[in-house]
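Just target07.cif here, mmCIF, C-alpha atoms:
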data_work
loop_
_atom_site.label_atom_id
_atom_site.label_comp_id
_atom_site.auth_asym_id
_atom_site.auth_seq_id
_atom_site.Cartn_x
_atom_site.Cartn_y
_atom_site.Cartn_z
CA MET A 233 123.93 193.04 108.93
CA THR A 234 126.18 190.48 107.51
CA THR A 235 129.86 190.16 108.24
CA VAL A 236 132.51 188.92 105.85
CA THR A 237 131.44 185.66 104.23
CA ALA A 238 133.42 183.00 102.47
CA SER A 239 131.97 183.87 99.09
CA ARG A 240 132.85 187.51 99.55
CA VAL A 241 136.44 187.13 100.75
CA PRO A 242 138.98 187.23 97.93
CA THR A 243 141.17 184.15 97.71
CA GLU A 244 144.58 184.80 99.25
CA ALA A 245 147.27 184.99 96.62
CA ALA A 246 150.47 186.83 95.93
CA PRO A 247 150.55 190.33 97.41
CA ARG A 248 149.06 192.92 95.13
CA PRO A 249 148.86 196.68 95.33
CA ARG A 250 146.00 197.94 97.45
CA PRO A 251 143.31 199.67 95.42
CA ARG A 252 143.49 203.43 95.71
CA THR A 253 140.26 205.00 96.88
CA ARG A 254 139.12 208.54 97.49
CA PHE A 255 138.26 207.97 101.16
CA ASP A 256 140.52 206.48 103.80
CA TRP A 257 139.49 202.94 104.74
CA ARG A 258 138.92 204.05 108.36
CA LEU A 259 136.21 206.45 107.23
CA ARG A 260 134.53 203.70 105.24
CA PHE A 261 134.89 201.33 108.20
CA ALA A 262 133.16 203.90 110.42
CA ALA A 263 130.44 204.45 107.81
CA LEU A 264 129.78 200.71 107.56
CA SER A 265 129.59 200.41 111.34
CA LEU A 266 127.07 203.26 111.51
CA ILE A 267 124.96 201.94 108.64
CA TRP A 268 124.67 198.43 110.07
CA GLY A 269 124.29 199.73 113.62
CA PHE A 270 121.37 201.96 112.63
CA SER A 271 119.75 199.16 110.60
CA PHE A 272 118.01 197.82 113.70
CA LEU A 273 116.48 201.22 114.39
CA LEU A 274 115.32 201.39 110.76
CA ILE A 275 113.71 197.95 111.06
CA LYS A 276 111.82 199.09 114.16
CA VAL A 277 110.59 202.26 112.43
CA GLY A 278 109.67 200.32 109.28
CA THR A 279 107.57 197.79 111.18
CA ASP A 280 105.61 200.65 112.77
CA GLY A 281 103.92 201.15 109.40
CA TYR A 282 104.31 197.93 107.46
CA ALA A 283 104.20 194.18 108.05
CA PRO A 284 107.58 192.52 108.70
CA PHE A 285 107.52 190.64 105.39
CA GLN A 286 106.78 193.92 103.59
CA VAL A 287 109.70 195.60 105.33
CA THR A 288 111.99 192.75 104.32
CA LEU A 289 110.76 192.73 100.73
CA GLY A 290 111.26 196.49 100.45
CA ARG A 291 114.70 196.18 101.96
CA LEU A 292 115.69 193.55 99.40
CA VAL A 293 114.21 195.44 96.46
CA PHE A 294 116.15 198.62 97.21
CA GLY A 295 119.30 196.72 98.16
CA THR A 296 119.20 194.74 94.92
CA ALA A 297 118.66 197.95 92.95
CA VAL A 298 121.86 199.45 94.38
CA LEU A 299 123.88 196.36 93.47
CA ALA A 300 122.31 196.28 90.02
CA VAL A 301 123.48 199.85 89.41
CA ALA A 302 126.97 198.93 90.64
CA MET A 303 127.07 195.89 88.36
CA VAL A 304 126.06 197.95 85.32
CA ALA A 305 128.64 200.62 86.17
CA LYS A 306 131.39 198.00 86.41
CA GLY A 307 130.21 195.97 83.42
CA GLU A 308 129.47 192.90 85.54
CA ARG A 309 127.10 190.14 84.46
CA LEU A 310 124.97 187.78 86.49
CA PRO A 311 126.55 184.35 87.02
CA ARG A 312 125.82 181.47 84.69
CA GLY A 313 125.04 177.84 85.33
CA ALA A 314 122.06 176.16 86.99
CA ARG A 315 124.27 174.69 89.71
CA THR A 316 125.56 178.12 90.74
CA TRP A 317 122.07 179.58 90.80
CA GLY A 318 120.84 176.63 92.87
CA HIS A 319 123.52 177.20 95.51
CA LEU A 320 122.85 180.94 95.45
CA ALA A 321 119.14 180.29 96.08
CA VAL A 322 120.04 178.45 99.29
CA ALA A 323 122.51 181.18 100.25
CA ALA A 324 119.86 183.84 99.57
CA PHE A 325 117.46 182.12 101.94
CA LEU A 326 119.99 181.57 104.74
CA LEU A 327 121.86 184.88 104.50
CA ASN A 328 119.11 187.27 103.46
CA ALA A 329 115.47 186.19 103.27
CA LEU A 330 115.35 184.22 106.52
CA PRO A 331 117.43 186.39 108.90
CA PHE A 332 116.06 189.67 107.54
CA SER A 333 112.51 188.42 108.06
CA LEU A 334 113.25 187.03 111.52
CA PHE A 335 114.79 190.30 112.69
CA ALA A 336 111.80 192.23 111.34
CA TYR A 337 109.34 189.96 113.17
CA SER A 338 111.42 189.96 116.35
CA GLU A 339 111.33 193.75 116.59
CA LEU A 340 107.56 193.69 116.83
CA THR A 341 108.02 192.57 120.44
CA ILE A 342 111.61 193.29 121.48
CA PRO A 343 113.64 196.55 121.47
CA SER A 344 115.98 197.30 118.59
CA THR A 345 118.80 197.39 121.16
CA LEU A 346 118.24 193.74 122.06
CA ALA A 347 118.00 192.74 118.40
CA GLY A 348 121.35 194.44 117.72
CA ILE A 349 122.99 192.62 120.61
CA CYS A 350 121.54 189.28 119.46
CA ASN A 351 123.13 189.94 116.07
CA ALA A 352 126.52 190.07 117.80
CA THR A 353 126.16 186.38 118.74
CA SER A 354 126.77 185.32 115.12
CA PRO A 355 130.52 184.75 115.66
CA LEU A 356 129.67 182.54 118.65
CA TRP A 357 127.27 180.42 116.62
CA GLY A 358 129.80 180.37 113.79
CA MET A 359 132.53 179.09 116.08
CA THR A 360 130.24 176.35 117.42
CA LEU A 361 129.15 175.23 113.96
CA SER A 362 132.61 175.39 112.39
CA LEU A 363 133.96 172.94 114.97
CA VAL A 364 131.47 170.41 113.65
CA ALA A 365 131.20 171.29 109.96
CA LEU A 366 134.71 172.50 109.05
CA SER A 367 137.41 169.93 109.77
CA GLU A 368 140.21 172.44 109.17
CA ASP A 369 138.89 174.77 111.87
CA ARG A 370 140.21 173.13 115.02
CA PRO A 371 139.45 174.47 118.50
CA THR A 372 142.00 176.05 120.80
CA ARG A 373 141.68 176.75 124.50
CA VAL A 374 141.37 180.47 123.86
CA ARG A 375 138.59 180.04 121.30
CA VAL A 376 136.67 177.57 123.45
CA ALA A 377 137.01 179.96 126.39
CA GLY A 378 135.71 182.76 124.17
CA LEU A 379 132.71 180.62 123.29
CA GLY A 380 131.88 180.05 126.95
CA ILE A 381 132.38 183.73 127.82
CA GLY A 382 130.23 184.82 124.91
CA PHE A 383 127.27 182.70 125.87
CA LEU A 384 127.65 183.83 129.48
CA GLY A 385 127.24 187.34 128.09
CA VAL A 386 124.07 186.26 126.28
CA LEU A 387 122.62 184.98 129.57
CA THR A 388 123.57 188.29 131.19
CA VAL A 389 121.80 190.30 128.50
CA LEU A 390 118.70 188.14 128.88
CA GLY A 391 118.70 188.37 132.68
CA ALA A 392 118.85 184.62 133.26
CA TRP A 393 119.19 185.02 137.07
CA GLN A 394 115.76 186.71 137.05
CA GLY A 395 114.14 183.90 135.15
CA PHE A 396 114.12 186.03 131.97
CA ALA A 397 111.41 188.19 133.55
CA GLY A 398 109.93 190.84 131.27
CA LEU A 399 111.54 189.29 128.19
CA ASP A 400 109.51 188.33 125.16
CA ALA A 401 110.72 184.79 124.53
CA THR A 402 109.38 184.51 120.99
CA GLY A 403 110.90 187.76 119.76
CA THR A 404 114.24 187.03 121.39
CA ALA A 405 114.30 183.51 119.96
CA MET A 406 113.64 184.91 116.48
CA ALA A 407 116.53 187.36 116.79
CA LEU A 408 118.87 184.62 117.99
CA LEU A 409 117.73 182.31 115.18
CA ALA A 410 118.41 185.10 112.69
CA SER A 411 121.95 185.38 114.07
CA LEU A 412 122.36 181.61 113.83
CA SER A 413 121.19 181.62 110.21
CA TYR A 414 124.17 183.74 109.11
CA PRO A 415 126.96 181.28 110.03
CA ILE A 416 124.92 178.37 108.64
CA GLY A 417 124.75 180.28 105.38
CA TRP A 418 128.45 181.17 105.50
CA ILE A 419 129.43 177.53 105.96
CA TYR A 420 127.16 176.49 103.09
CA VAL A 421 128.67 179.15 100.81
CA ARG A 422 132.19 178.16 101.83
CA ARG A 423 131.49 174.55 100.91
CA THR A 424 129.72 175.22 97.61
CA LEU A 425 130.71 178.57 96.11
CA ALA A 426 134.13 179.49 97.51
CA GLY A 427 135.90 178.29 94.35
CA SER A 428 133.54 179.97 91.90
CA SER A 429 135.13 181.91 89.04
CA GLU A 430 132.38 184.53 89.20
CA SER A 431 133.11 187.89 90.80
CA HIS A 432 131.97 188.54 94.36
CA LEU A 433 129.78 191.41 93.18
CA SER A 434 128.10 189.21 90.58
CA LEU A 435 127.44 186.43 93.07
CA THR A 436 126.01 188.70 95.75
CA GLY A 437 123.93 190.65 93.22
CA ALA A 438 122.37 187.38 92.09
CA GLN A 439 121.98 186.27 95.70
CA LEU A 440 120.00 189.40 96.61
CA LEU A 441 117.93 189.07 93.44
CA LEU A 442 116.96 185.53 94.43
CA ALA A 443 116.17 186.60 98.00
CA THR A 444 113.93 189.34 96.59
CA ALA A 445 112.13 186.75 94.45
CA GLN A 446 111.66 184.50 97.50
CA LEU A 447 110.08 187.33 99.50
CA ALA A 448 107.99 188.41 96.50
CA VAL A 449 106.39 184.95 96.56
CA VAL A 450 105.94 184.74 100.34
CA THR A 451 104.81 188.28 101.17
CA PRO A 452 101.44 188.25 99.30
CA LEU A 453 100.56 184.96 101.02
CA PHE A 454 100.85 186.40 104.53
CA THR A 455 100.12 190.11 104.10
CA SER A 456 97.64 192.33 102.29
CA VAL A 457 98.38 195.47 100.30
CA PRO A 458 98.55 198.42 102.73
CA ASP A 459 95.62 200.82 102.53
CA ARG A 460 97.97 203.68 103.34
CA PHE A 461 101.69 204.33 103.00
CA PRO A 462 103.06 206.23 106.03
CA VAL A 463 106.04 208.28 104.93
CA LEU A 464 108.48 207.82 107.82
CA PRO A 465 108.32 204.00 107.87
CA LEU A 466 108.58 204.00 104.07
CA LEU A 467 111.71 206.16 104.19
CA ALA A 468 113.12 203.80 106.83
CA VAL A 469 112.59 200.83 104.52
CA VAL A 470 114.21 202.66 101.60
CA ALA A 471 117.23 203.57 103.75
CA LEU A 472 117.40 200.05 105.16
CA GLY A 473 117.61 198.61 101.66
CA ALA A 474 119.67 201.19 99.81
CA LEU A 475 122.11 201.87 102.65
CA GLY A 476 121.89 198.96 105.08
CA THR A 477 121.95 196.29 102.38
CA GLY A 478 123.14 197.69 99.03
CA LEU A 479 125.71 200.35 99.95
CA ALA A 480 126.88 198.34 102.97
CA VAL A 481 127.80 195.39 100.75
CA LEU A 482 129.78 197.64 98.42
CA LEU A 483 131.62 199.20 101.38
CA GLN A 484 132.35 195.74 102.70
CA TYR A 485 133.87 194.66 99.37
CA GLY A 486 136.20 197.62 99.37
CA LEU A 487 137.31 197.02 102.95
CA VAL A 488 138.00 193.33 102.39
CA ALA A 489 140.01 194.10 99.26
CA GLU A 490 142.02 196.86 100.92
CA VAL A 491 142.64 195.76 104.51
CA GLY A 492 141.70 192.06 104.43
CA PRO A 493 138.79 190.07 105.89
CA THR A 494 140.11 189.98 109.46
CA THR A 495 140.18 193.75 109.87
CA ALA A 496 136.93 194.20 107.92
CA GLN A 497 135.20 191.70 110.20
CA MET A 498 135.93 193.89 113.23
CA VAL A 499 132.90 195.96 112.21
CA THR A 500 130.85 193.24 113.93
CA TYR A 501 131.94 194.49 117.33
CA PHE A 502 130.75 198.06 116.75
CA ILE A 503 127.26 197.19 115.50
CA PRO A 504 125.62 196.41 118.89
CA VAL A 505 127.18 199.50 120.47
CA ILE A 506 125.72 201.75 117.78
CA ALA A 507 122.40 199.87 117.73
CA THR A 508 122.08 200.32 121.49
CA ALA A 509 122.96 204.02 121.41
CA ALA A 510 120.53 204.65 118.55
CA GLY A 511 117.70 202.75 120.20
CA VAL A 512 118.08 204.55 123.51
CA ALA A 513 118.72 208.04 122.13
CA LEU A 514 116.28 208.13 119.21
CA LEU A 515 113.58 205.62 120.12
CA GLY A 516 113.59 206.12 123.87
CA GLU A 517 114.10 202.42 124.56
CA SER A 518 114.84 201.53 128.17
CA LEU A 519 118.20 200.11 129.13
CA SER A 520 118.95 198.09 132.27
CA TRP A 521 122.49 197.62 133.51
CA SER A 522 122.56 193.98 132.36
CA THR A 523 122.15 194.91 128.68
CA PRO A 524 125.39 196.90 128.15
CA VAL A 525 127.34 194.71 130.59
CA GLY A 526 126.17 191.55 128.85
CA ALA A 527 126.89 193.08 125.45
CA VAL A 528 130.50 193.78 126.46
CA ILE A 529 130.87 190.17 127.62
CA VAL A 530 129.36 188.89 124.36
CA LEU A 531 131.75 190.99 122.30
CA ALA A 532 134.76 189.91 124.36
CA GLY A 533 133.83 186.28 123.88
CA ALA A 534 133.19 186.77 120.16
CA ALA A 535 136.60 188.44 119.78
CA LEU A 536 138.32 185.50 121.47
CA THR A 537 136.61 183.02 119.15
CA GLN A 538 138.28 184.79 116.21
CA VAL A 539 141.82 184.36 117.61
CA LYS A 540 143.76 182.13 115.26
CA ARG A 541 146.14 179.38 116.31
CA VAL A 542 149.69 180.66 116.70
CA ALA A 543 152.21 178.59 114.77
#
Encoding of this model in structure tokens:
Amino acid sequence: MTTVTASRVPTEAAPRPRPRTRFDWRLRFAALSLIWGFSFLLIKVGTDGYAPFQVTLGRLVFGTAVLAVAMVAKGERLPRGARTWGHLAVAAFLLNALPFSLFAYSELTIPSTLAGICNATSPLWGMTLSLVALSEDRPTRVRVAGLGIGFLGVLTVLGAWQGFAGLDATGTAMALLASLSYPIGWIYVRRTLAGSSESHLSLTGAQLLLATAQLAVVTPLFTSVPDRFPVLPLLAVVALGALGTGLAVLLQYGLVAEVGPTTAQMVTYFIPVIATAAGVALLGESLSWSTPVGAVIVLAGAALTQVKRVA
């Protein structure tokens, strides 16, 4: 559930022919939206049988395996240099290990629909942080208005006028912190790895490998080996890793290369819609009027924060 990051966006240069692919980019855009939208349902199903850290570790193992296969097929190598690997270790923690784990823990106590909507706040956090951390990203009235509207939507989703009644504060806070972790990671990557000569596939493959190693160290400390392996949760973890992490990253690369980061980033606005529909239809999660209304407000605000200054 990551959107386009600085390390993954090709540097703008002279126009070049768009790569020819078998499937129209709109089909791949729809597939990516569905995969990331259903990821929150898969997390919920996975945590029904396994501990959150185990779900996250499995997700990273299968996601890394998919990228490893892609790297071998394309003749890519892992990046070199201790400095690059050091920065990638931080990026792996902020963009993968931490948010994946937080979302998994959050869904122990909150619906997958709410987790998906919390994920949509990432552009709002990113806008807030970029105003402080990125001097070239100056605010405009439209973007500031979008920020205010977006957070009003968050309060609507959470039912602030009811005193957040019936809401698990810890689970919701974890989901929001997971969404905050993404833009922190993006800003870090933009500052440290944006000029790297390594390919985007190589960098992200190494990033997922490092995140897997981080979870491999942490998971045994906080969980025990399961005494049984329920099939449905296990299949959910496999799908979450292979599709929601590995294949999704490959689809994202292709979209960024073909239609540019701005269009590719629009997938963010479909994720909560699909996550909500999946949670209600397949998991029977309840839905009050404030959830879809607030989600629409969040997405409207997030869209406004992405409006660039007109010359």
Can you give me, as number ranges by chain, the residues this file yields under the PyMOL selection byres ((chain A and resi 349-365) around 8)?
A: 233, 345-348, 366-367, 369-371, 379, 382-383, 386, 404, 407-408, 410-412, 414-416, 419, 500-501, 503-504, 507-508, 527, 530-531, 533-534, 537-538
With a distance cut-off of 6 Å and all atoms listed in the file, select the neighbouring residues of stretch 274-289 of chain A, excluding the residue or stretch itself and same-chain residues fewer than 6 positions from it, and output the selection as a list in words.
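So, after excluding close chain neighbours, the residues are Ser333, Ala336, Tyr337, Glu339, Leu447, Thr451, Pro465, Ala468 and Val469 of chain A.
Once the PyMOL selection byres ((chain A and resi 310) around 8) is applied to the shown structure, the selection contains Glu308, Arg309, Pro311, Arg312, Ser434, Leu435, Gly437 and Ala438 of chain A.
Nearest-residue note for A:Met406: choosing from A:Ala314, A:Ile342, A:Val376, A:Val457, the minimum distance belongs to A:Ile342, counting all atoms listed in the file.
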What are the centre and the three edge lengths of an axis-aligned box that wraps all atoms of stretch 305-309 of chain A in the file, given that 5 Å is added to every side, written as AutoDock Vina command-line options and rounded to one decimal in Å?
--center_x 129.2 --center_y 195.4 --center_z 84.9 --size_x 14.3 --size_y 20.5 --size_z 13.0
Can you pull out every residue within 12 Å of A:Thr424, counting only C-alpha atoms, but drop anything in the same chain fewer than 2 positions away, and send it as a list in words?
Ala238, Ser239, Arg315, Thr316, Trp317, Gly318, His319, Leu320, Ala321, Val322, Ala323, Gly417, Trp418, Ile419, Tyr420, Val421, Arg422, Ala426, Gly427 and Ser428 of chain A
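Atom CA of A:Pro331 sits 17.9 Å away from atom CA of A:Ala471.
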Residues near A:Val525, anyone? I mean within 8 Å using all atoms listed in the file, not counting same-chain ones fewer than 2 positions away, as a PyMOL selection string.
chain A and resi 385+388-389+521-523+527-529
Hey, can you check how far atom CA of A:Pro343 sits from atom CA of A:Gly511?
7.5 Å
Rebuild stretch 500-511 of chain A to all heavy atoms - output it as a PDB file, in the frame of the given file, please.
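Wrote it out as selection-v9.pdb, contents follow:
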ATOM      1  N   THR A 500     131.838 193.978 113.145  1.00  0.00           N
ATOM      2  CA  THR A 500     130.850 193.240 113.930  1.00  0.00           C
ATOM      3  C   THR A 500     130.764 193.745 115.358  1.00  0.00           C
ATOM      4  O   THR A 500     129.676 193.779 115.954  1.00  0.00           O
ATOM      5  CB  THR A 500     131.197 191.733 113.932  1.00  0.00           C
ATOM      6  OG1 THR A 500     131.295 191.270 112.586  1.00  0.00           O
ATOM      7  CG2 THR A 500     130.140 190.932 114.675  1.00  0.00           C
ATOM      8  N   TYR A 501     131.895 194.145 115.914  1.00  0.00           N
ATOM      9  CA  TYR A 501     131.940 194.490 117.330  1.00  0.00           C
ATOM     10  C   TYR A 501     131.452 195.909 117.610  1.00  0.00           C
ATOM     11  O   TYR A 501     131.225 196.268 118.763  1.00  0.00           O
ATOM     12  CB  TYR A 501     133.367 194.294 117.851  1.00  0.00           C
ATOM     13  CG  TYR A 501     133.882 192.904 117.550  1.00  0.00           C
ATOM     14  CD1 TYR A 501     135.028 192.706 116.774  1.00  0.00           C
ATOM     15  CD2 TYR A 501     133.207 191.791 117.998  1.00  0.00           C
ATOM     16  CE1 TYR A 501     135.480 191.434 116.468  1.00  0.00           C
ATOM     17  CE2 TYR A 501     133.642 190.512 117.700  1.00  0.00           C
ATOM     18  CZ  TYR A 501     134.777 190.345 116.933  1.00  0.00           C
ATOM     19  OH  TYR A 501     135.204 189.080 116.626  1.00  0.00           O
ATOM     20  N   PHE A 502     131.268 196.704 116.572  1.00  0.00           N
ATOM     21  CA  PHE A 502     130.750 198.060 116.750  1.00  0.00           C
ATOM     22  C   PHE A 502     129.235 198.128 116.559  1.00  0.00           C
ATOM     23  O   PHE A 502     128.588 199.065 117.030  1.00  0.00           O
ATOM     24  CB  PHE A 502     131.434 199.025 115.772  1.00  0.00           C
ATOM     25  CG  PHE A 502     132.888 199.254 116.069  1.00  0.00           C
ATOM     26  CD1 PHE A 502     133.866 198.414 115.538  1.00  0.00           C
ATOM     27  CD2 PHE A 502     133.291 200.293 116.887  1.00  0.00           C
ATOM     28  CE1 PHE A 502     135.210 198.613 115.814  1.00  0.00           C
ATOM     29  CE2 PHE A 502     134.631 200.508 117.168  1.00  0.00           C
ATOM     30  CZ  PHE A 502     135.597 199.663 116.634  1.00  0.00           C
ATOM     31  N   ILE A 503     128.683 197.160 115.841  1.00  0.00           N
ATOM     32  CA  ILE A 503     127.260 197.190 115.500  1.00  0.00           C
ATOM     33  C   ILE A 503     126.362 197.240 116.736  1.00  0.00           C
ATOM     34  O   ILE A 503     125.475 198.107 116.815  1.00  0.00           O
ATOM     35  CB  ILE A 503     126.896 195.991 114.597  1.00  0.00           C
ATOM     36  CG1 ILE A 503     127.582 196.136 113.241  1.00  0.00           C
ATOM     37  CG2 ILE A 503     125.376 195.901 114.418  1.00  0.00           C
ATOM     38  CD1 ILE A 503     127.412 194.926 112.339  1.00  0.00           C
ATOM     39  N   PRO A 504     126.531 196.349 117.728  1.00  0.00           N
ATOM     40  CA  PRO A 504     125.620 196.410 118.890  1.00  0.00           C
ATOM     41  C   PRO A 504     125.764 197.681 119.702  1.00  0.00           C
ATOM     42  O   PRO A 504     124.785 198.152 120.291  1.00  0.00           O
ATOM     43  CB  PRO A 504     126.010 195.168 119.707  1.00  0.00           C
ATOM     44  CG  PRO A 504     127.391 194.842 119.279  1.00  0.00           C
ATOM     45  CD  PRO A 504     127.464 195.211 117.837  1.00  0.00           C
ATOM     46  N   VAL A 505     126.970 198.247 119.738  1.00  0.00           N
ATOM     47  CA  VAL A 505     127.180 199.500 120.470  1.00  0.00           C
ATOM     48  C   VAL A 505     126.357 200.621 119.828  1.00  0.00           C
ATOM     49  O   VAL A 505     125.642 201.372 120.505  1.00  0.00           O
ATOM     50  CB  VAL A 505     128.669 199.876 120.494  1.00  0.00           C
ATOM     51  CG1 VAL A 505     128.874 201.217 121.188  1.00  0.00           C
ATOM     52  CG2 VAL A 505     129.489 198.785 121.178  1.00  0.00           C
ATOM     53  N   ILE A 506     126.446 200.713 118.496  1.00  0.00           N
ATOM     54  CA  ILE A 506     125.720 201.750 117.780  1.00  0.00           C
ATOM     55  C   ILE A 506     124.213 201.486 117.828  1.00  0.00           C
ATOM     56  O   ILE A 506     123.408 202.409 118.007  1.00  0.00           O
ATOM     57  CB  ILE A 506     126.218 201.833 116.327  1.00  0.00           C
ATOM     58  CG1 ILE A 506     127.687 202.271 116.311  1.00  0.00           C
ATOM     59  CG2 ILE A 506     125.364 202.797 115.502  1.00  0.00           C
ATOM     60  CD1 ILE A 506     128.356 202.127 114.979  1.00  0.00           C
ATOM     61  N   ALA A 507     123.819 200.212 117.673  1.00  0.00           N
ATOM     62  CA  ALA A 507     122.400 199.870 117.730  1.00  0.00           C
ATOM     63  C   ALA A 507     121.804 200.238 119.084  1.00  0.00           C
ATOM     64  O   ALA A 507     120.682 200.753 119.171  1.00  0.00           O
ATOM     65  CB  ALA A 507     122.201 198.384 117.453  1.00  0.00           C
ATOM     66  N   THR A 508     122.554 199.994 120.150  1.00  0.00           N
ATOM     67  CA  THR A 508     122.080 200.320 121.490  1.00  0.00           C
ATOM     68  C   THR A 508     121.959 201.825 121.678  1.00  0.00           C
ATOM     69  O   THR A 508     120.945 202.329 122.177  1.00  0.00           O
ATOM     70  CB  THR A 508     123.020 199.727 122.553  1.00  0.00           C
ATOM     71  OG1 THR A 508     123.044 198.307 122.418  1.00  0.00           O
ATOM     72  CG2 THR A 508     122.550 200.084 123.955  1.00  0.00           C
ATOM     73  N   ALA A 509     122.986 202.556 121.278  1.00  0.00           N
ATOM     74  CA  ALA A 509     122.960 204.020 121.410  1.00  0.00           C
ATOM     75  C   ALA A 509     121.816 204.624 120.606  1.00  0.00           C
ATOM     76  O   ALA A 509     121.107 205.528 121.083  1.00  0.00           O
ATOM     77  CB  ALA A 509     124.298 204.598 120.955  1.00  0.00           C
ATOM     78  N   ALA A 510     121.599 204.126 119.395  1.00  0.00           N
ATOM     79  CA  ALA A 510     120.530 204.650 118.550  1.00  0.00           C
ATOM     80  C   ALA A 510     119.160 204.352 119.143  1.00  0.00           C
ATOM     81  O   ALA A 510     118.269 205.218 119.150  1.00  0.00           O
ATOM     82  CB  ALA A 510     120.637 204.064 117.143  1.00  0.00           C
ATOM     83  N   GLY A 511     118.983 203.131 119.635  1.00  0.00           N
ATOM     84  CA  GLY A 511     117.700 202.750 120.200  1.00  0.00           C
ATOM     85  C   GLY A 511     117.337 203.565 121.431  1.00  0.00           C
ATOM     86  O   GLY A 511     116.189 203.987 121.612  1.00  0.00           O
TER      87      GLY A 511
END
